[in-house]
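Everything below belongs to structure34.pdb, which stores PDB, C-alpha atoms.
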```
ATOM      1  CA  MET A  75       0.000   0.000   0.000
ATOM      2  CA  ALA A  76       2.818   2.420   0.828
ATOM      3  CA  THR A  77       4.293   1.855  -2.635
ATOM      4  CA  LYS A  78       1.016   2.700  -4.379
ATOM      5  CA  GLN A  79       0.577   5.834  -2.268
ATOM      6  CA  SER A  80       4.084   7.044  -3.023
ATOM      7  CA  ALA A  81       3.577   6.236  -6.715
ATOM      8  CA  ASP A  82       0.320   8.210  -6.669
ATOM      9  CA  ALA A  83       2.084  11.115  -4.971
ATOM     10  CA  ASN A  84       4.784  11.083  -7.659
ATOM     11  CA  ASN A  85       2.159  11.063 -10.412
ATOM     12  CA  GLN A  86       0.378  14.016  -8.879
ATOM     13  CA  ASP A  87       3.625  15.959  -8.979
ATOM     14  CA  ASN A  88       4.019  15.239 -12.710
ATOM     15  CA  THR A  89       0.417  15.827 -13.764
ATOM     16  CA  ASP A  90      -1.359  19.142 -13.786
ATOM     17  CA  ASP A  91      -4.968  18.094 -13.230
ATOM     18  CA  THR A  92      -6.244  21.450 -14.457
ATOM     19  CA  GLU A  93      -4.645  20.842 -17.831
ATOM     20  CA  SER A  94      -5.090  17.146 -18.592
ATOM     21  CA  PRO A  95      -8.075  15.547 -16.944
ATOM     22  CA  SER A  96      -9.506  14.293 -20.220
ATOM     23  CA  VAL A  97      -6.654  12.834 -22.281
ATOM     24  CA  GLY A  98      -6.705   9.381 -20.648
ATOM     25  CA  PRO A  99     -10.460   8.816 -20.842
ATOM     26  CA  PHE A 100     -10.437  10.253 -24.370
ATOM     27  CA  ILE A 101      -7.776   7.739 -25.453
ATOM     28  CA  ARG A 102      -9.773   4.915 -23.833
ATOM     29  CA  ALA A 103     -12.954   6.009 -25.617
ATOM     30  CA  GLN A 104     -11.177   6.207 -28.967
ATOM     31  CA  ARG A 105      -9.595   2.779 -28.402
ATOM     32  CA  GLU A 106     -12.986   1.273 -27.587
ATOM     33  CA  LEU A 107     -14.572   2.935 -30.627
ATOM     34  CA  ALA A 108     -11.829   1.372 -32.751
ATOM     35  CA  ASN A 109     -12.596  -2.024 -31.164
ATOM     36  CA  LEU A 110      -9.002  -2.392 -30.033
ATOM     37  CA  SER A 111      -7.862  -4.106 -26.875
ATOM     38  CA  LEU A 112      -5.423  -2.369 -24.588
ATOM     39  CA  ARG A 113      -2.769  -4.845 -25.708
ATOM     40  CA  GLN A 114      -3.452  -4.224 -29.414
ATOM     41  CA  LEU A 115      -3.220  -0.449 -29.101
ATOM     42  CA  SER A 116      -0.117  -0.585 -26.941
ATOM     43  CA  SER A 117       1.568  -2.768 -29.543
ATOM     44  CA  MET A 118       0.524  -0.457 -32.376
ATOM     45  CA  ALA A 119       1.749   2.607 -30.442
ATOM     46  CA  ASP A 120       4.979   0.894 -29.328
ATOM     47  CA  ILE A 121       4.355   1.378 -25.607
ATOM     48  CA  SER A 122       3.723  -1.136 -22.833
ATOM     49  CA  ASN A 123       0.134  -2.091 -22.131
ATOM     50  CA  ALA A 124       0.693  -1.349 -18.422
ATOM     51  CA  TYR A 125       1.784   2.209 -19.272
ATOM     52  CA  LEU A 126      -1.162   2.702 -21.642
ATOM     53  CA  SER A 127      -3.514   1.493 -18.921
ATOM     54  CA  GLN A 128      -2.043   4.025 -16.504
ATOM     55  CA  ILE A 129      -2.451   6.810 -19.070
ATOM     56  CA  GLU A 130      -6.081   5.851 -19.661
ATOM     57  CA  ARG A 131      -6.747   5.922 -15.918
ATOM     58  CA  GLY A 132      -5.093   9.335 -15.571
ATOM     59  CA  LEU A 133      -2.148   8.073 -13.529
ATOM     60  CA  HIS A 134       0.516   9.303 -15.977
ATOM     61  CA  GLN A 135       0.941  12.333 -18.195
ATOM     62  CA  PRO A 136       2.112  10.952 -21.558
ATOM     63  CA  SER A 137       4.992  12.501 -23.466
ATOM     64  CA  ILE A 138       4.567  14.113 -26.860
ATOM     65  CA  ARG A 139       6.148  11.044 -28.478
ATOM     66  CA  VAL A 140       3.632   8.740 -26.791
ATOM     67  CA  LEU A 141       0.713  10.983 -27.767
ATOM     68  CA  LYS A 142       1.984  11.048 -31.347
ATOM     69  CA  ASN A 143       2.266   7.249 -31.467
ATOM     70  CA  VAL A 144      -1.143   6.702 -29.859
ATOM     71  CA  GLY A 145      -2.767   9.269 -32.155
ATOM     72  CA  GLU A 146      -1.301   7.649 -35.245
ATOM     73  CA  ALA A 147      -2.346   4.180 -34.072
ATOM     74  CA  LEU A 148      -5.913   5.356 -33.445
ATOM     75  CA  GLY A 149      -6.189   7.524 -36.534
ATOM     76  CA  VAL A 150      -6.663  10.578 -34.303
ATOM     77  CA  ASP A 151      -4.811  13.798 -35.036
ATOM     78  CA  PRO A 152      -1.952  13.929 -32.493
ATOM     79  CA  GLU A 153      -2.664  17.673 -32.139
ATOM     80  CA  THR A 154      -6.049  16.746 -30.661
ATOM     81  CA  LEU A 155      -4.401  14.515 -28.059
ATOM     82  CA  MET A 156      -1.776  17.141 -27.258
ATOM     83  CA  THR A 157      -4.471  19.768 -26.800
ATOM     84  CA  ARG A 158      -6.439  17.472 -24.478
ATOM     85  CA  ALA A 159      -3.238  16.788 -22.536
ATOM     86  CA  GLY A 160      -2.637  20.519 -22.100
ATOM     87  CA  LEU A 161       0.604  20.378 -24.112
ATOM     88  CA  PHE A 162      -0.663  22.375 -27.041
ATOM     89  CA  ARG A 163      -3.093  25.211 -27.372
ATOM     90  CA  ARG A 164      -4.908  25.827 -30.611
ATOM     91  CA  ALA A 165      -4.638  29.337 -31.983
ATOM     92  CA  THR A 166      -8.422  29.630 -31.830
ATOM     93  CA  GLU A 167      -8.657  28.644 -28.153
ATOM     94  CA  GLY A 168     -10.931  30.973 -26.294
ATOM     95  CA  VAL A 169     -12.696  32.019 -29.499
ATOM     96  CA  LYS A 170     -16.187  30.599 -29.645
ATOM     97  CA  THR A 171     -17.022  29.344 -33.080
ATOM     98  CA  VAL A 172     -20.518  28.125 -33.692
ATOM     99  CA  VAL A 173     -20.583  25.253 -36.124
ATOM    100  CA  SER A 174     -23.724  23.376 -36.980
ATOM    101  CA  VAL A 175     -23.924  19.643 -36.433
ATOM    102  CA  GLU A 176     -24.210  19.151 -40.170
ATOM    103  CA  GLU A 177     -21.100  21.263 -40.832
ATOM    104  CA  ALA A 178     -19.155  19.276 -38.250
ATOM    105  CA  VAL A 179     -20.199  15.977 -39.797
ATOM    106  CA  GLU A 180     -19.334  17.210 -43.294
ATOM    107  CA  ALA A 181     -15.905  18.398 -42.099
ATOM    108  CA  ASP A 182     -14.967  15.087 -40.423
ATOM    109  CA  PRO A 183     -12.194  13.514 -42.542
ATOM    110  CA  HIS A 184     -12.677  10.095 -40.897
ATOM    111  CA  LEU A 185     -16.182   9.573 -42.295
ATOM    112  CA  THR A 186     -17.084   8.359 -45.760
ATOM    113  CA  ASN A 187     -19.651  10.309 -47.752
ATOM    114  CA  GLU A 188     -22.199   7.551 -47.082
ATOM    115  CA  GLU A 189     -21.553   7.713 -43.330
ATOM    116  CA  LYS A 190     -21.853  11.496 -43.373
ATOM    117  CA  GLN A 191     -25.153  11.302 -45.220
ATOM    118  CA  ALA A 192     -26.491   8.676 -42.780
ATOM    119  CA  LEU A 193     -25.558  10.770 -39.749
ATOM    120  CA  ILE A 194     -27.088  13.919 -41.212
ATOM    121  CA  THR A 195     -30.284  12.026 -42.055
ATOM    122  CA  VAL A 196     -30.563  10.712 -38.483
ATOM    123  CA  TYR A 197     -29.831  14.171 -37.052
ATOM    124  CA  ARG A 198     -32.489  15.783 -39.246
ATOM    125  CA  SER A 199     -35.049  13.166 -38.207
ATOM    126  CA  TYR A 200     -34.394  13.930 -34.532
ATOM    127  CA  MET A 201     -34.691  17.658 -35.121
ATOM    128  CA  ALA A 202     -37.926  17.227 -37.095
ATOM    129  CA  ALA A 203     -39.447  15.305 -34.186
ATOM    130  CA  LYS A 204     -38.926  18.247 -31.786
TER     131      LYS A 204
END
```
Mind turning the file's structure into structure tokens?
Amino acid sequence: MATKQSADANNQDNTDDTESPSVGPFIRAQRELANLSLRQLSSMADISNAYLSQIERGLHQPSIRVLKNVGEALGVDPETLMTRAGLFRRATEGVKTVVSVEEAVEADPHLTNEEKQALITVYRSYMAAK
């Protein structure tokens, strides 16, 4: 127990909770959406599965190299992960930009045209029911 407490204390010193509370859960969500096991993603990102597990649980602040590798393995822009980790600030941060749901779907480079059309159709049906 003393070892875990001292390890937790060390992690708190290295992690700024105000900057990076969401990078670990975000990585986990993206991994689950990609239907990848922890072991599969860790292999693809060239990191240990124990370390990836700790990142996902918010116990470690990953380095830029790790975020880059994880982002590439997941097909997520590493800039997104770095921003969530508090390592990078977008130039537009603090500027509120209103984008419609349809514009956001159309702008997503990870979706095929058929997927975009399906999502927009579902969204419109929900909005019509209101």
Discussion item. Under the PyMOL selection byres ((chain A and resi 149) around 12), which residues of this model are included? Write them out as JSON, numbers by chain.
Written reply: {"A": [101, 104, 105, 107, 108, 115, 118, 119, 141, 142, 143, 144, 145, 146, 147, 148, 150, 151, 152, 153, 154, 155, 183, 184, 185]}
Practice prompt. Could you tell me which residues the PyMOL selection byres ((chain A and resi 173-178) around 12) returns for this structure, as an MDAnalysis selection string?
Written response: chainID A and resid 170:172 179:185 190:198 201
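The spacing separating CA of Pro136 (chain A) from CA of Thr157 (chain A) amounts to 12.2 Å.
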Item to complete: Would you mind reading off the distance between CA of Pro99 (chain A) and CA of Leu133 (chain A), one decimal, in Å?
Response: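 Rounded to one decimal, the two atoms are 11.1 Å apart.
Between CA of Leu126 (chain A) and CA of Ser111 (chain A) there is a distance of 10.9 Å.
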Padding 6 Å on every side, please: axis-aligned box over the listed atoms of region 144-161 of chain A, centre and edge lengths to one decimal in Å, as JSON.
```
{"center_x": -3.0, "center_y": 12.3, "center_z": -29.3, "size_x": 19.3, "size_y": 28.3, "size_z": 26.4}
```
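Counting all atoms listed in the file and comparing A:Ala124, A:Leu161, A:Ala103, A:Ala203, the residue that lies closest to Arg139 (chain A) is A:Leu161.
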Item to complete: Go through A:Tyr200, A:Ser96, A:Glu188, A:Val140 and flag the residue nearest Ser116 (chain A), using all atoms listed in the file for the distances.
Response: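 Residue with the minimum atom-to-atom distance to Ser116 (chain A): A:Val140.
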Fill in: Residue contacts of Ser127 (chain A) (9 Å, only C-alpha atoms) excluding same-chain residues fewer than 5 positions away, as a list of chain:residue names
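With the cut-off at 9 Å, the set is A:Gly98, A:Arg102, A:Leu112, A:Ser116, A:Ser122, A:Gly132, A:Leu133.
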Item to complete: Select, from A:Glu130, A:Thr186, A:Tyr125, A:Ala202, the residue with the minimum atom-to-atom distance to Glu106 (chain A), counting all atoms listed in the file.
Response: A:Glu130
Discussion item. Please determine, counting all atoms listed in the file, which residue among A:Asn187, A:Ala159, A:Asp120, A:Phe100 has the shortest atom-to-atom distance to Ser137 (chain A).
Written reply: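 Among the listed residues, A:Ala159 lies closest to Ser137 (chain A).
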If I only have part of region 129-149 of chain A, can you fill in N, CA and C atoms and write it as a compact mmCIF listing (two decimals), keeping the file's coordinate frame?
```
# COMPACT_ATOMS: atom_id res chain seq x y z
N ILE A 129 -2.07 5.57 -18.38
CA ILE A 129 -2.45 6.81 -19.07
C ILE A 129 -3.97 6.92 -19.13
N GLU A 130 -4.63 5.83 -19.54
CA GLU A 130 -6.08 5.85 -19.66
C GLU A 130 -6.76 6.14 -18.33
N ARG A 131 -6.17 5.70 -17.24
CA ARG A 131 -6.75 5.92 -15.92
C ARG A 131 -6.31 7.25 -15.32
N GLY A 132 -5.52 8.02 -16.04
CA GLY A 132 -5.09 9.34 -15.57
C GLY A 132 -3.97 9.31 -14.56
N LEU A 133 -3.23 8.19 -14.50
CA LEU A 133 -2.15 8.07 -13.53
C LEU A 133 -0.83 8.61 -14.05
N HIS A 134 -0.71 8.77 -15.37
CA HIS A 134 0.52 9.30 -15.98
C HIS A 134 0.17 10.33 -17.03
N GLN A 135 1.02 11.33 -17.14
CA GLN A 135 0.94 12.33 -18.20
C GLN A 135 1.84 11.84 -19.33
N PRO A 136 1.28 11.47 -20.47
CA PRO A 136 2.11 10.95 -21.56
C PRO A 136 2.97 12.03 -22.21
N SER A 137 4.10 11.58 -22.74
CA SER A 137 4.99 12.50 -23.47
C SER A 137 4.41 12.80 -24.85
N ILE A 138 4.99 13.77 -25.50
CA ILE A 138 4.57 14.11 -26.86
C ILE A 138 4.77 12.92 -27.79
N ARG A 139 5.89 12.22 -27.64
CA ARG A 139 6.15 11.04 -28.48
C ARG A 139 5.06 9.99 -28.30
N VAL A 140 4.67 9.73 -27.06
CA VAL A 140 3.63 8.74 -26.79
C VAL A 140 2.30 9.20 -27.38
N LEU A 141 1.96 10.47 -27.20
CA LEU A 141 0.71 10.98 -27.77
C LEU A 141 0.72 10.88 -29.29
N LYS A 142 1.86 11.15 -29.89
CA LYS A 142 1.98 11.05 -31.35
C LYS A 142 1.76 9.61 -31.78
N ASN A 143 2.41 8.67 -31.11
CA ASN A 143 2.27 7.25 -31.47
C ASN A 143 0.83 6.75 -31.26
N VAL A 144 0.23 7.12 -30.14
CA VAL A 144 -1.14 6.70 -29.86
C VAL A 144 -2.10 7.32 -30.88
N GLY A 145 -1.92 8.60 -31.17
CA GLY A 145 -2.77 9.27 -32.16
C GLY A 145 -2.68 8.61 -33.52
N GLU A 146 -1.47 8.30 -33.95
CA GLU A 146 -1.30 7.65 -35.24
C GLU A 146 -1.93 6.26 -35.25
N ALA A 147 -1.78 5.53 -34.16
CA ALA A 147 -2.35 4.18 -34.07
C ALA A 147 -3.87 4.21 -34.10
N LEU A 148 -4.46 5.24 -33.50
CA LEU A 148 -5.91 5.36 -33.44
C LEU A 148 -6.51 6.08 -34.65
N GLY A 149 -5.67 6.72 -35.44
CA GLY A 149 -6.19 7.52 -36.53
C GLY A 149 -6.76 8.84 -36.04
```
